[in-house]
Amino acid sequence: MSTPPTLSFSLLTDYDIDLFRKGKHYRLYEKMGAHLVEVNGYKGVYFAVWAPNAKQVSVVGDFNNWKGVIHELKYRWDDSGIWEGFIPNIGLGNIYKYEIETHTGDVFLKADPFGNIAEIPPQTASIVSTTWYEWKDTMWMEEQHHKNSFQVPISIYEIHLPSWKKDKNGNVNFRSIAPDLVAYIKETGFTHVEFMPVTSYPYEPSWGYQVTGYYAVDSRLGSPQDLMFLIEEFHRNDIGVIMDWVPAHFPSDAHGLYRFDGSFLYEHEDERQGYHPEWNTRIFNYGRNEVKSFLISNAFFWLERFHIDALRVDAVTSMLYLDYARKDGEWIANKDGGNINLEALEFLKEFNTAVNKHYPNVKTIAEESTSYPKLTHAVKDGGVGFGMKWMMGWMHDTIRYFKKDFLVRHSSHHDITFSISYAFDEKYVLPLSHDEVVHGKSPMLYKMFGDEWQKHANLRALYLWMYTHPGAKLLFMGDEFAQTLEWDFSASLNWHLLEYEAHHKMKDFVTRLNKVYREEKALYELNYESAGMEWLHADDSRNSVYVYLRKGKSREDQLLVILNLSSVPYKNFRIALPDMSGWEPVVNSDDKEYWGSGKTIKSFKTKNVPHYGKEYSADIDLPPLCGIIFRRKK
């Protein structure tokens with residue numbers, strides 16, 4: 001029996017088309033792209049692609065010698081701009097592209113915007129695939145709301161999977177890396193991992209942030225099922241998974257979204273709004289409903305099919321501001337004469353509203369570097385609707401302070417305290433991310449001032465400051481053992497450093513901080529409320545000493561934190577305290593266990609001696625360049 005080249009068939013209903021046009025179709029991945037189906041007894045693949053300005057669209061691939069005349073798609077009668085068709089006798093593993101002919105006679109070969117995997121670069125075709133997987137993380141998913149809530153500790157390990165630890169052949173695979181990576185995260189005590197982009201991208205130095213396949217996993221690292229296996233292993237070991245998501249821009253690669261059907265389809269036509277001068281990329285047209293359906297569906301795709309627990313939205317600042325990275329005359333004001341991209345703002349609100357409604361147990365996290373108001377407030381309350389936001393100001397101020405010579409730190413004293421003045425305006429993540437250890441910025445260790453011992457002591461004190469500061473925590477891979485070189489995306493971390501005492505003890509210290517963070521309610525119960533933090537010494541610039549309380553809901557759940565960020569020890573240093581109580585040490589960054597000087601820190605009792613505006617005080621010895629956490633004795 002002969003088989004026709006293309007059978008008439010559609011997965012799209014009138015309702016689908018209506019939602020798509022309104023920008024409200026949030027599960028387009030169920031209908032668009034390549035899908036294994038059976039039609040009239042024929043097994044094959046149904047294709048659907050949006051290309052409203054094309055003259056003709058065909059599917060070409062290894063099954064028809066890449067000849068477009070063999071499998072031409074049909075343009076839908078409803079003028080939705082969608083071309084579709086069913087090709088029998090092909091299936092998983094077949095390689096394909098869309099051949100798009102424009103009305104001017106140009107012909108483009110494009111990868112499938114909804115493809116689930118692509119060829120390994122530099123090859124660029126899509127591969128017929130599936131995202132079916134038999135998940136075994138039921139227990140985690142049932143507890144997802146609690147694991148991601150604001151009432152639990154959130155400590156994030158940010159990771160670029162291709163450069164964490166390569167095998168002996170210089171390769172990394174989602175599945176093969178799972179045993180070592182999951183065990184390492186569990187050992188060090190992080191509650192979540194954050195994957196830098198694992199979507200398909202051609203240009204390796206972009207680290208994944210120039211995406212060509214929004215629905216495709218990075219084929220260098222394996223299949224969709226390999227990534228699902230890795231995520232499942234994290235969940236089975238009580239570790240959440242955050243994924244970087246990049247709706248801000250896309251590259252101009254010929255096989256990607258750029259001028260997809262010969263027109264400015266996904267991107268804004270006006271280069272003052274559609275071209276990104278900093279990254280030489282293209283900016284989505286957020287005012288186009290079909291583009292909104294594409295992007296929000298993509299978020300749903302990763303949350304639904306891959307069980308992702310949070311999406312960290314990259315480069316939100318560049319989305320919000322029309323003049324971002326532009327000089328005068330290079331941008332166009334909005335209808336009100338301002339510099340806010342109103343269409344992007346509306347898109348972000350719609351995205352967060354949709355995710356919060358359909359996936360209430362997950363978080364959306366904004367990488368946003370300005371003080372744009374109410375970013376993590378509910379849309380109904382005039383906010384943008386994100387769950388959390390990176391606290392870039394805290395990061396910049398803290399790093400600037402720890403770079404300072406000890407002799408001049410007094411002049412920058414409030415670089416440390418300033419963040420608390422706005423720490424509760426939003427729900428924050430404190431990020432020490434990949435961006436801080438590349439492009440000549442130096443690794444975290446060598447940002448620190450002083451000799452080798454002092455650099456390590458500074459870094460331990462910085463980490464203790466971060467873990468006792470209100471908000472969630474984020475460390476980039478390698479920071480936990482004081483990597484001595486800038487991050488190199490093409491090489492593994494310098495794991496040999498763990499053979500040296502200073503570095504394996506830094507890892508031990510971060511592990512200890514994660515453990516204390518998990519165990520002490522004072523560090524997380526009121527993490528996003530002003531009631532959870534009280535300064536006792538905020539203004540002692542002469543001594544570079546900071547003293548504060550972190551509080552849980554119960555009076556018994558209180559921690560006293562002391563930072564001596566000077567290079568000298570203090571004998572019988574008097575600190576103010578709010579009441580009569582006894583205090584016992586929990587963590588001392590100067591402990592020999594962590595490569596400190598080993599000054600013994602003892603328990604102490606409050607004295608009925610007023611000091612620094614408080615009715616009570618105590619005298620304690622403080623080692624140099626240290627952070628100490630005390631627990632209130634019960």
# chains A, B, ... in the order shown; residues from 1 in each chain; ligands from 1

$ residues_around --residues "A:Asp226" --least-positions-apart "3" --cutoff "10 Å" --atoms "only C-alpha atoms" --output "ChimeraX atom specification"
/A:133,173-176,178,217,221-223,229-232

$ write_last_selection --atoms "C-alpha atoms" --output "short mmCIF file (atom, residue, chain, number, x, y, z; two decimals), in the first residue's frame"
data_model
loop_
_atom_site.label_atom_id
_atom_site.label_comp_id
_atom_site.auth_asym_id
_atom_site.auth_seq_id
_atom_site.Cartn_x
_atom_site.Cartn_y
_atom_site.Cartn_z
CA TYR A 133 9.74 10.01 31.67
CA ASN A 173 26.78 14.06 30.90
CA PHE A 174 23.66 14.81 32.95
CA ARG A 175 23.32 11.16 33.92
CA SER A 176 26.94 10.21 34.56
CA ALA A 178 24.66 12.57 38.95
CA VAL A 217 18.14 20.50 26.41
CA LEU A 221 25.23 17.05 28.08
CA GLY A 222 22.72 14.40 27.04
CA SER A 223 19.06 13.79 26.34
CA PHE A 229 17.29 11.59 35.80
CA LEU A 230 19.67 14.15 37.34
CA ILE A 231 16.80 16.29 38.62
CA GLU A 232 15.08 13.20 40.02
#

$ select_by_dssp --residues "stretch 68-219 of chain A" --states "alpha helix (DSSP H)" --output "JSON, numbers by chain"
{"A": [138, 139, 140, 141, 142, 144, 145, 146, 147, 174, 175, 176, 177, 178, 179, 180, 181, 182, 183, 184, 185, 186, 187, 188]}

$ closest_residue --among "A:Lys110, A:Lys74, A:Lys165, A:His414" --to "A:Leu493" --atoms "only C-alpha atoms"
A:Lys165

$ closest_residue --among "A:His434, A:Lys599, A:His611, A:Lys403" --to "A:Phe476" --atoms "only C-alpha atoms"
A:His434

$ closest_atom_pairs --of "stretch 37-139 of chain A" --to "stretch 287-310 of chain A" --cutoff "10 Å" --atoms "only C-alpha atoms" --output "tab-separated table"
residue	atom	partner	partner_atom	distance
A:Trp50	CA	A:Glu290	CA	9.0
A:Ser80	CA	A:Glu290	CA	9.6
A:Gly81	CA	A:Glu290	CA	10.0
A:Pro113	CA	A:Phe294	CA	9.1
A:Phe114	CA	A:Asn298	CA	8.8
A:Thr131	CA	A:Arg305	CA	6.8
A:Trp132	CA	A:Arg305	CA	8.0
A:Tyr133	CA	A:Arg305	CA	8.5
A:Trp135	CA	A:His307	CA	9.2
A:Asp137	CA	A:His307	CA	9.0

$ write_last_selection --atoms "N, CA and C atoms" --output "CSV table (one decimal), in the first residue's frame"
chain,number,residue,atom,x,y,z
A,50,TRP,N,5.0,28.1,13.7
A,50,TRP,CA,4.4,29.5,13.4
A,50,TRP,C,5.3,30.3,12.5
A,80,SER,N,-4.0,31.9,11.4
A,80,SER,CA,-3.2,32.0,12.7
A,80,SER,C,-1.7,32.1,12.4
A,81,GLY,N,-1.3,31.9,11.2
A,81,GLY,CA,0.1,31.9,10.9
A,81,GLY,C,0.8,30.6,11.1
A,113,PRO,N,11.5,25.8,16.8
A,113,PRO,CA,11.5,26.5,18.1
A,113,PRO,C,11.0,25.7,19.2
A,114,PHE,N,10.2,24.6,19.0
A,114,PHE,CA,9.7,23.8,20.0
A,114,PHE,C,10.4,22.4,20.1
A,131,THR,N,9.6,13.9,25.6
A,131,THR,CA,9.9,14.3,27.0
A,131,THR,C,9.2,13.4,28.0
A,132,TRP,N,8.9,12.2,27.5
A,132,TRP,CA,8.2,11.2,28.4
A,132,TRP,C,9.3,10.7,29.4
A,133,TYR,N,8.9,10.5,30.6
A,133,TYR,CA,9.7,10.0,31.7
A,133,TYR,C,8.9,9.5,32.8
A,135,TRP,N,8.7,9.3,36.3
A,135,TRP,CA,9.3,10.0,37.5
A,135,TRP,C,9.1,9.1,38.7
A,137,ASP,N,10.0,10.8,41.9
A,137,ASP,CA,10.2,11.8,42.9
A,137,ASP,C,8.9,12.3,43.6

$ residues_around --residues "A:Lys473" --least-positions-apart "2" --cutoff "9 Å" --atoms "only C-alpha atoms" --output "list in words"
Pro153, Ile154, Ser155, Ile156, Tyr157, Tyr428, Val429, Leu430, Pro431, Leu432, Met466, Tyr467, His469, Gly471 and Leu475 of chain A

$ write_last_selection --atoms "N, CA and C atoms" --output "compact mmCIF listing (two decimals), in the first residue's frame"
# COMPACT_ATOMS: atom_id res chain seq x y z
N PRO A 153 15.08 27.19 55.36
CA PRO A 153 16.35 27.71 54.83
C PRO A 153 16.47 27.42 53.34
N ILE A 154 16.97 28.39 52.59
CA ILE A 154 17.25 28.22 51.17
C ILE A 154 18.70 28.61 50.93
N SER A 155 19.51 27.61 50.65
CA SER A 155 20.95 27.78 50.42
C SER A 155 21.28 27.17 49.07
N ILE A 156 21.68 28.01 48.12
CA ILE A 156 21.75 27.61 46.70
C ILE A 156 23.20 27.46 46.25
N TYR A 157 23.47 26.37 45.56
CA TYR A 157 24.77 26.13 44.94
C TYR A 157 24.60 26.34 43.44
N TYR A 428 14.67 38.64 49.34
CA TYR A 428 15.97 38.65 48.67
C TYR A 428 16.71 37.31 48.72
N VAL A 429 17.52 37.10 47.68
CA VAL A 429 18.57 36.09 47.65
C VAL A 429 19.89 36.84 47.65
N LEU A 430 20.81 36.45 48.54
CA LEU A 430 22.13 37.08 48.59
C LEU A 430 23.05 36.32 47.64
N PRO A 431 23.44 36.92 46.50
CA PRO A 431 24.17 36.17 45.48
C PRO A 431 25.67 36.47 45.44
N LEU A 432 26.48 35.43 45.54
CA LEU A 432 27.89 35.49 45.14
C LEU A 432 27.99 34.56 43.94
N MET A 466 27.23 36.51 55.31
CA MET A 466 26.18 36.17 54.36
C MET A 466 25.16 35.21 55.00
N TYR A 467 25.65 34.19 55.68
CA TYR A 467 24.75 33.18 56.23
C TYR A 467 23.94 33.71 57.43
N HIS A 469 23.01 37.04 57.52
CA HIS A 469 22.26 38.18 57.00
C HIS A 469 20.88 37.68 56.56
N GLY A 471 17.73 36.73 54.41
CA GLY A 471 17.59 36.37 53.01
C GLY A 471 18.14 35.00 52.69
N LEU A 475 25.93 30.61 46.56
CA LEU A 475 27.36 30.54 46.27
C LEU A 475 27.57 29.89 44.92

$ residues_around --residues "stretch 244-251 of chain A" --least-positions-apart "2" --cutoff "7 Å" --atoms "only C-alpha atoms" --output "PyMOL selection string"
chain A and resi 195-197+209-212+242+253+281-284+295+311-316+319

$ write_last_selection --atoms "N, CA, C and O atoms" --output "short mmCIF file (atom, residue, chain, number, x, y, z; two decimals), in the first residue's frame"
data_model
loop_
_atom_site.label_atom_id
_atom_site.label_comp_id
_atom_site.auth_asym_id
_atom_site.auth_seq_id
_atom_site.Cartn_x
_atom_site.Cartn_y
_atom_site.Cartn_z
N PHE A 195 21.03 25.52 38.18
CA PHE A 195 21.71 25.26 36.92
C PHE A 195 21.78 26.54 36.10
O PHE A 195 20.75 27.15 35.81
N MET A 196 22.99 26.96 35.73
CA MET A 196 23.07 27.90 34.64
C MET A 196 22.47 27.23 33.42
O MET A 196 22.32 26.00 33.40
N PRO A 197 22.07 27.99 32.37
CA PRO A 197 21.17 27.43 31.35
C PRO A 197 21.56 26.05 30.83
O PRO A 197 22.72 25.80 30.48
N TYR A 209 23.63 31.51 27.93
CA TYR A 209 22.69 32.63 28.02
C TYR A 209 22.29 33.19 26.65
O TYR A 209 21.53 34.15 26.59
N GLN A 210 22.79 32.59 25.57
CA GLN A 210 22.32 32.95 24.23
C GLN A 210 21.65 31.71 23.64
O GLN A 210 22.26 30.90 22.95
N VAL A 211 20.37 31.60 23.93
CA VAL A 211 19.59 30.39 23.68
C VAL A 211 19.04 30.37 22.26
O VAL A 211 18.46 31.35 21.80
N THR A 212 19.21 29.25 21.58
CA THR A 212 18.55 29.05 20.28
C THR A 212 17.42 28.04 20.38
O THR A 212 16.48 28.07 19.59
N ILE A 242 16.81 24.65 40.77
CA ILE A 242 16.47 25.94 40.16
C ILE A 242 17.13 25.98 38.79
O ILE A 242 18.24 25.49 38.61
N ASP A 253 21.81 33.85 15.41
CA ASP A 253 22.23 32.71 14.60
C ASP A 253 21.19 32.38 13.53
O ASP A 253 19.98 32.42 13.79
N THR A 281 22.59 40.76 20.65
CA THR A 281 21.50 39.80 20.57
C THR A 281 20.19 40.52 20.24
O THR A 281 20.17 41.75 20.11
N ARG A 282 19.13 39.76 20.13
CA ARG A 282 17.83 40.31 19.77
C ARG A 282 16.88 40.25 20.96
O ARG A 282 16.90 39.29 21.75
N ILE A 283 16.02 41.25 21.05
CA ILE A 283 15.10 41.37 22.18
C ILE A 283 13.69 40.98 21.73
O ILE A 283 13.22 41.43 20.68
N PHE A 284 13.06 40.14 22.50
CA PHE A 284 11.71 39.68 22.18
C PHE A 284 10.74 40.86 22.08
O PHE A 284 10.87 41.86 22.80
N LEU A 295 6.73 32.23 25.21
CA LEU A 295 7.63 32.34 26.35
C LEU A 295 7.00 31.77 27.63
O LEU A 295 7.66 31.03 28.37
N LEU A 311 12.40 29.08 38.75
CA LEU A 311 13.02 29.67 37.57
C LEU A 311 13.68 30.98 37.98
O LEU A 311 13.03 31.88 38.50
N ARG A 312 14.98 31.05 37.80
CA ARG A 312 15.70 32.30 38.03
C ARG A 312 15.75 33.04 36.69
O ARG A 312 16.34 32.57 35.72
N VAL A 313 15.05 34.15 36.62
CA VAL A 313 14.88 34.87 35.36
C VAL A 313 16.07 35.80 35.16
O VAL A 313 16.31 36.72 35.94
N ASP A 314 16.81 35.56 34.09
CA ASP A 314 18.05 36.27 33.81
C ASP A 314 17.77 37.66 33.25
O ASP A 314 16.82 37.86 32.49
N ALA A 315 18.65 38.61 33.60
CA ALA A 315 18.72 39.93 32.95
C ALA A 315 17.39 40.69 32.97
O ALA A 315 17.01 41.32 31.98
N VAL A 316 16.69 40.66 34.09
CA VAL A 316 15.41 41.36 34.19
C VAL A 316 15.60 42.86 34.02
O VAL A 316 14.75 43.54 33.43
N MET A 319 15.34 43.94 30.58
CA MET A 319 13.97 43.87 30.08
C MET A 319 13.16 45.09 30.50
O MET A 319 12.35 45.61 29.74
#

$ decode --residues "stretch 549-584 of chain A" --atoms "N, CA, C and O atoms" --output "CSV table (one decimal), in the first residue's frame"
chain,number,residue,atom,x,y,z
A,549,LEU,N,21.6,40.6,66.5
A,549,LEU,CA,20.8,39.4,66.9
A,549,LEU,C,20.1,38.9,65.7
A,549,LEU,O,19.5,39.8,64.9
A,550,ARG,N,20.0,37.6,65.5
A,550,ARG,CA,19.1,37.0,64.6
A,550,ARG,C,18.0,36.3,65.4
A,550,ARG,O,18.4,35.6,66.3
A,551,LYS,N,16.8,36.4,65.0
A,551,LYS,CA,15.7,35.9,65.9
A,551,LYS,C,14.7,35.0,65.1
A,551,LYS,O,14.4,35.3,64.0
A,552,GLY,N,14.3,34.0,65.8
A,552,GLY,CA,13.2,33.2,65.4
A,552,GLY,C,11.9,33.7,66.0
A,552,GLY,O,11.9,34.7,66.6
A,553,LYS,N,10.9,32.9,65.9
A,553,LYS,CA,9.6,33.3,66.5
A,553,LYS,C,9.6,33.2,68.0
A,553,LYS,O,8.9,33.9,68.7
A,554,SER,N,10.3,32.2,68.5
A,554,SER,CA,10.4,32.1,70.0
A,554,SER,C,11.6,32.8,70.5
A,554,SER,O,12.6,32.9,69.9
A,555,ARG,N,11.5,33.4,71.7
A,555,ARG,CA,12.6,34.1,72.4
A,555,ARG,C,13.8,33.2,72.5
A,555,ARG,O,14.9,33.6,72.5
A,556,GLU,N,13.5,31.9,72.7
A,556,GLU,CA,14.6,30.9,72.9
A,556,GLU,C,15.4,30.7,71.6
A,556,GLU,O,16.6,30.4,71.6
A,557,ASP,N,14.8,31.0,70.5
A,557,ASP,CA,15.5,30.9,69.2
A,557,ASP,C,16.1,32.2,68.8
A,557,ASP,O,15.6,32.9,67.9
A,558,GLN,N,17.2,32.5,69.4
A,558,GLN,CA,18.0,33.7,69.1
A,558,GLN,C,19.4,33.4,69.0
A,558,GLN,O,20.0,32.6,69.8
A,559,LEU,N,20.1,34.1,68.1
A,559,LEU,CA,21.5,33.9,67.9
A,559,LEU,C,22.2,35.3,68.0
A,559,LEU,O,21.6,36.3,67.5
A,560,LEU,N,23.3,35.4,68.6
A,560,LEU,CA,24.1,36.6,68.7
A,560,LEU,C,25.3,36.4,67.7
A,560,LEU,O,26.0,35.4,67.8
A,561,VAL,N,25.4,37.4,66.9
A,561,VAL,CA,26.5,37.4,65.9
A,561,VAL,C,27.5,38.5,66.1
A,561,VAL,O,27.0,39.7,66.2
A,562,ILE,N,28.8,38.2,66.1
A,562,ILE,CA,29.8,39.3,66.3
A,562,ILE,C,30.8,39.1,65.1
A,562,ILE,O,31.3,38.0,64.9
A,563,LEU,N,31.0,40.2,64.4
A,563,LEU,CA,32.0,40.3,63.4
A,563,LEU,C,33.1,41.2,63.8
A,563,LEU,O,32.8,42.4,64.1
A,564,ASN,N,34.3,40.7,63.9
A,564,ASN,CA,35.5,41.6,64.0
A,564,ASN,C,36.2,41.6,62.7
A,564,ASN,O,36.9,40.7,62.3
A,565,LEU,N,36.0,42.7,61.9
A,565,LEU,CA,36.6,42.8,60.6
A,565,LEU,C,37.8,43.6,60.5
A,565,LEU,O,38.3,44.1,59.5
A,566,SER,N,38.4,43.8,61.7
A,566,SER,CA,39.7,44.5,61.8
A,566,SER,C,40.8,43.4,61.8
A,566,SER,O,40.5,42.2,62.0
A,567,SER,N,42.1,43.8,61.6
A,567,SER,CA,43.2,42.8,61.6
A,567,SER,C,43.8,42.6,63.0
A,567,SER,O,44.8,41.9,63.1
A,568,VAL,N,43.2,43.2,64.0
A,568,VAL,CA,43.8,43.1,65.3
A,568,VAL,C,42.8,42.4,66.3
A,568,VAL,O,41.6,42.5,66.1
A,569,PRO,N,43.3,41.6,67.3
A,569,PRO,CA,42.5,41.0,68.3
A,569,PRO,C,42.1,42.0,69.3
A,569,PRO,O,42.8,43.0,69.5
A,570,TYR,N,41.0,41.8,70.0
A,570,TYR,CA,40.5,42.6,71.1
A,570,TYR,C,40.4,41.8,72.3
A,570,TYR,O,39.8,40.7,72.3
A,571,LYS,N,40.9,42.4,73.4
A,571,LYS,CA,40.8,41.7,74.7
A,571,LYS,C,39.7,42.4,75.5
A,571,LYS,O,39.7,43.6,75.6
A,572,ASN,N,38.8,41.6,76.1
A,572,ASN,CA,37.8,42.1,77.0
A,572,ASN,C,37.0,43.2,76.2
A,572,ASN,O,36.7,44.3,76.8
A,573,PHE,N,36.6,42.9,75.0
A,573,PHE,CA,35.8,43.8,74.2
A,573,PHE,C,34.3,43.8,74.7
A,573,PHE,O,33.7,42.8,74.8
A,574,ARG,N,33.8,45.0,75.1
A,574,ARG,CA,32.5,45.1,75.7
A,574,ARG,C,31.5,45.2,74.6
A,574,ARG,O,31.5,46.0,73.7
A,575,ILE,N,30.5,44.3,74.6
A,575,ILE,CA,29.3,44.4,73.7
A,575,ILE,C,28.0,44.6,74.4
A,575,ILE,O,27.8,44.1,75.6
A,576,ALA,N,27.2,45.4,73.8
A,576,ALA,CA,25.8,45.6,74.4
A,576,ALA,C,24.9,44.5,74.2
A,576,ALA,O,25.0,43.8,73.1
A,577,LEU,N,24.0,44.2,75.1
A,577,LEU,CA,23.1,43.1,75.0
A,577,LEU,C,21.7,43.5,75.6
A,577,LEU,O,21.7,44.4,76.4
A,578,PRO,N,20.7,42.9,75.1
A,578,PRO,CA,19.3,43.4,75.4
A,578,PRO,C,18.8,42.9,76.7
A,578,PRO,O,17.8,43.5,77.3
A,579,ASP,N,19.3,41.8,77.3
A,579,ASP,CA,18.8,41.3,78.5
A,579,ASP,C,19.8,40.4,79.2
A,579,ASP,O,20.9,40.2,78.7
A,580,MET,N,19.4,39.9,80.4
A,580,MET,CA,20.2,39.0,81.1
A,580,MET,C,20.1,37.6,80.5
A,580,MET,O,18.9,37.1,80.4
A,581,SER,N,21.2,37.0,80.1
A,581,SER,CA,21.1,35.7,79.6
A,581,SER,C,22.5,35.1,79.5
A,581,SER,O,23.5,35.8,79.7
A,582,GLY,N,22.6,33.8,79.2
A,582,GLY,CA,23.8,33.1,79.0
A,582,GLY,C,23.9,32.8,77.5
A,582,GLY,O,22.9,32.6,76.8
A,583,TRP,N,25.2,32.8,77.0
A,583,TRP,CA,25.4,32.6,75.5
A,583,TRP,C,26.5,31.6,75.3
A,583,TRP,O,27.5,31.6,76.0
A,584,GLU,N,26.3,30.6,74.4
A,584,GLU,CA,27.3,29.6,74.1
A,584,GLU,C,27.7,29.7,72.7
A,584,GLU,O,26.9,29.9,71.8
